[in-house]
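Inspection log for the structure reproduced underneath, given as structure tokens.
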Amino acid sequence: MKRLFALVAVAALLPWGTALGAQTIKLGVVTKPGSAQNIVAEKFKDLVEARSDGRYKVKIFHSKSIGNETEILQQIQMNTVQMGVITGGPFDTFDPIVRVINYPFLFKDYAQVDEVLDGPLGAEILKSLEGAGFKGLCFSENGFRNLTNNKRPVKTAADVAGLKIRVMASALHKAIWQALGANPTPMPWPIYTELEQGVIDGQENPLWVMEVYKFYEIQKYMTLTRHVYSPHIDVASLQWWNTLPRADQDLIQTAMREAARYQRRDNRDKNAARLALLKEKGMIVEEHPDLASFRAKVASLKDMELYQEPKVHALLLKVLEATR
Ligand code: EAX
């Protein structure tokens, strides 16, 4: 009896433990089931639970049940949540180095995306995140972002003038839309109600978002701007990570890489059908906007204060060179 009591007392002290034997990893995503982030999270859960012989359980907190992306990141820093699959944008305030990979019109295609993010330049970004308390594991994919709005068709950058566009909590994303002449408003996810009520005219996100969140019901025009390639950064709490045996770190790192690779392929495979569906649902799609006019307006961003920290500036130049 005494021993049982002691075991219960120990279990209560484990930061992540719910039961002796299995550790529960709390993993946060802001989006709902069916979303890109959730596909990564669910795949990761399956892999880790199967490969650890039940030593780890992964509990996914989704649909804003533990807060928005910024709030999830804060909980990961404190190790009250152990892991997250989080859109690149909101990392902006935690480490300005992520602005490098969210740079407008950076990547030409997926081959270039994979080469940079899975290579040494991507590794530099993941490593840098340790300074903010995150163990950066790898990148999965939100996708190339496209503009939607309810006011008018947008073909050139001039058509953006004055549109009230919701942006993520990111100084960079705000600066991009300011440079384009819009009136950007940072707002955490989700934003359906704000779009529906006309608090904002538009927003920008990858195609899967317009489908999964049914934006075709409330947004009339879409322009395939592909202005930013938006990765997710898959992270763990550094504080938690440092308590794990090396073999378990490897297991988790490998499982997350595999989940990310699986999800990127899944996302890319579905895009053509998504575009067809959005048109079928009545969205008016500008498939060939005048991207030169957009590029011209954001060309001077790299010289802005956003990129002035020496480490950030140096990496931006390297990534610009690698994607030329
Ligand atoms: O993943 O906040 C955003 O615009 C994100 O891209 C959104 O959560 C979908």
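Residues are named by chain letter and number: chains run A, B, ... in the order of the structure tokens, numbers start at 1 in each chain, and ligands are numbered from 1 in the order shown.
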
Test item: residues at most 7 Å from segment 225-237 of chain A, only C-alpha atoms, excluding those fewer than 2 positions along its chain, as a PyMOL selection string: chain A and resi 76-77+79+82-88+102-105+107+133-147+223+239-241+289+291

Would you list the residues that come within 9 Å of ligand 1? Count only C-alpha atoms and all ligand atoms and give the answer as a ChimeraX atom specification. /A:29-31,35-37,68-69,86-90,142-143,145,166-169,187-191,203-206,208-209,230,232

Suppose you want the space between atom CA of Glu130 of chain A and atom CA of Lys318 of chain A; what is it in Å?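 Distance reported for this atom pair: 20.7 Å.
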
Which one of A:Val40, A:Leu316, A:Ala179, A:Ile72 sits closest to Lys26 of chain A if you count only C-alpha atoms?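 Selected residue with least distance to Lys26 of chain A: A:Ile72.
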
Produce a table with one row for each residue of segment 155-211 of chain A that has an atom at most 10 Å from any atom of segment 293-311 of chain A, each row naming the nearest atom pair and its distance in Å at one decimal; use only C-alpha atoms; arrange rows by chain and rising residue number; format as a Markdown table.
```
| residue | atom | partner | partner_atom | distance |
| --- | --- | --- | --- | --- |
| A:Lys155 | CA | A:Ser293 | CA | 9.4 |
| A:Thr156 | CA | A:Ser293 | CA | 6.0 |
| A:Ala157 | CA | A:Phe294 | CA | 5.0 |
| A:Ala158 | CA | A:Ser293 | CA | 7.9 |
| A:Val160 | CA | A:Phe294 | CA | 9.6 |
| A:Ala171 | CA | A:Leu306 | CA | 7.6 |
| A:Leu172 | CA | A:Leu306 | CA | 7.0 |
| A:Ala175 | CA | A:Leu301 | CA | 7.9 |
| A:Ile176 | CA | A:Val298 | CA | 6.4 |
| A:Trp177 | CA | A:Val298 | CA | 8.8 |
| A:Gln178 | CA | A:Val298 | CA | 9.2 |
| A:Ala179 | CA | A:Lys297 | CA | 5.9 |
| A:Leu180 | CA | A:Lys297 | CA | 5.8 |
| A:Gly181 | CA | A:Lys297 | CA | 8.6 |
```

Would you save the residues from that selection as a short mmCIF file (atom, residue, chain, number, x, y, z; two decimals), in the first residue's frame, using C-alpha atoms?
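What ended up in again31.cif:
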```
data_model
loop_
_atom_site.label_atom_id
_atom_site.label_comp_id
_atom_site.auth_asym_id
_atom_site.auth_seq_id
_atom_site.Cartn_x
_atom_site.Cartn_y
_atom_site.Cartn_z
CA LYS A 155 -5.27 41.10 -61.61
CA THR A 156 -2.50 43.59 -60.93
CA ALA A 157 -1.03 44.96 -57.72
CA ALA A 158 -2.87 48.24 -58.34
CA VAL A 160 -5.14 45.67 -54.20
CA ALA A 171 5.50 41.97 -38.96
CA LEU A 172 6.67 40.65 -42.32
CA ALA A 175 4.81 44.85 -44.33
CA ILE A 176 4.14 42.86 -47.51
CA TRP A 177 0.52 43.98 -47.69
CA GLN A 178 1.39 47.53 -46.79
CA ALA A 179 3.90 47.59 -49.63
CA LEU A 180 1.19 46.26 -51.94
CA GLY A 181 -1.08 49.14 -50.97
#
```

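Closest approach to Leu277 of chain A among A:Tyr262, A:Phe61, A:Tyr216, A:Tyr192 is made by A:Tyr216 (distances from only C-alpha atoms).
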
Which of these residues is nearest to Thr93 of chain A, using only C-alpha atoms: A:Ala132, A:Val154, A:Leu238, A:Gln75?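 Under the stated criterion, the closest residue is A:Ala132.
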
Within 12 Å of segment 54-57 of chain A, counting only C-alpha atoms, which residues qualify if same-chain residues fewer than 3 places away don't, as a list in words?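 Counting only the stated atoms, we get Trp16, Gly17, Thr18, Ala19, Leu20, Gly21, Ala22, Gln23, Thr24, Ile25, Lys26, Leu27, Glu42, Phe44, Lys45, Asp46, Leu47, Val48, Glu49, Ala50, Arg51, Ile60, Gln82, Leu244, Asp248, Gln249, Leu251 and Ile252 of chain A.
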
Looking only at the backbone, which of the residues in segment 194-244 of chain A does DSSP tag as helix (DSSP H, G or I), as a ChimeraX atom specification? /A:194-196,207-212,215-217,238-241

Would you please work out which residue, of A:Lys43, A:Thr254, A:Lys59, A:Ser170, is nearest to Asp266 of chain A when using only C-alpha atoms?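 Ranked by minimum distance to Asp266 of chain A, first place goes to A:Lys43.
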
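When only C-alpha atoms are used to compute distances to Asp92 of chain A, the closest of the residues A:Thr70, A:Gly28, A:Val58, A:Asp53 turns out to be A:Thr70.
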
Near-Glu321 of chain A list (12 Å; only C-alpha atoms; drop same-chain fewer than 4 positions) as a ChimeraX atom specification: /A:106-107,112,116,121,314-317

Take the residues from that selection and write them out as a PDB file, in the first residue's frame, keeping N, CA and C atoms.
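In the end it all went to selection.pdb:
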```
ATOM      1  N   LEU A 106       9.869  34.029 -53.093  1.00  0.00           N
ATOM      2  CA  LEU A 106      11.196  33.451 -52.886  1.00  0.00           C
ATOM      3  C   LEU A 106      11.395  32.174 -53.710  1.00  0.00           C
ATOM      4  N   PHE A 107      10.482  31.228 -53.523  1.00  0.00           N
ATOM      5  CA  PHE A 107      10.657  29.921 -54.158  1.00  0.00           C
ATOM      6  C   PHE A 107       9.923  29.844 -55.495  1.00  0.00           C
ATOM      7  N   GLN A 112      12.598  23.518 -55.382  1.00  0.00           N
ATOM      8  CA  GLN A 112      13.431  24.510 -54.702  1.00  0.00           C
ATOM      9  C   GLN A 112      13.089  24.602 -53.209  1.00  0.00           C
ATOM     10  N   VAL A 116      15.912  23.796 -50.235  1.00  0.00           N
ATOM     11  CA  VAL A 116      16.334  24.772 -49.221  1.00  0.00           C
ATOM     12  C   VAL A 116      15.915  24.334 -47.816  1.00  0.00           C
ATOM     13  N   LEU A 121      20.468  25.312 -45.202  1.00  0.00           N
ATOM     14  CA  LEU A 121      19.893  26.629 -44.915  1.00  0.00           C
ATOM     15  C   LEU A 121      18.670  26.485 -44.006  1.00  0.00           C
ATOM     16  N   ALA A 314      22.265  38.045 -43.277  1.00  0.00           N
ATOM     17  CA  ALA A 314      23.221  37.144 -43.934  1.00  0.00           C
ATOM     18  C   ALA A 314      22.509  35.909 -44.490  1.00  0.00           C
ATOM     19  N   LEU A 315      21.601  35.355 -43.699  1.00  0.00           N
ATOM     20  CA  LEU A 315      20.894  34.162 -44.169  1.00  0.00           C
ATOM     21  C   LEU A 315      19.961  34.504 -45.333  1.00  0.00           C
ATOM     22  N   LEU A 316      19.319  35.662 -45.259  1.00  0.00           N
ATOM     23  CA  LEU A 316      18.431  36.061 -46.362  1.00  0.00           C
ATOM     24  C   LEU A 316      19.216  36.118 -47.672  1.00  0.00           C
ATOM     25  N   LEU A 317      20.392  36.712 -47.629  1.00  0.00           N
ATOM     26  CA  LEU A 317      21.189  36.816 -48.862  1.00  0.00           C
ATOM     27  C   LEU A 317      21.549  35.432 -49.391  1.00  0.00           C
TER      28      LEU A 317
END
```
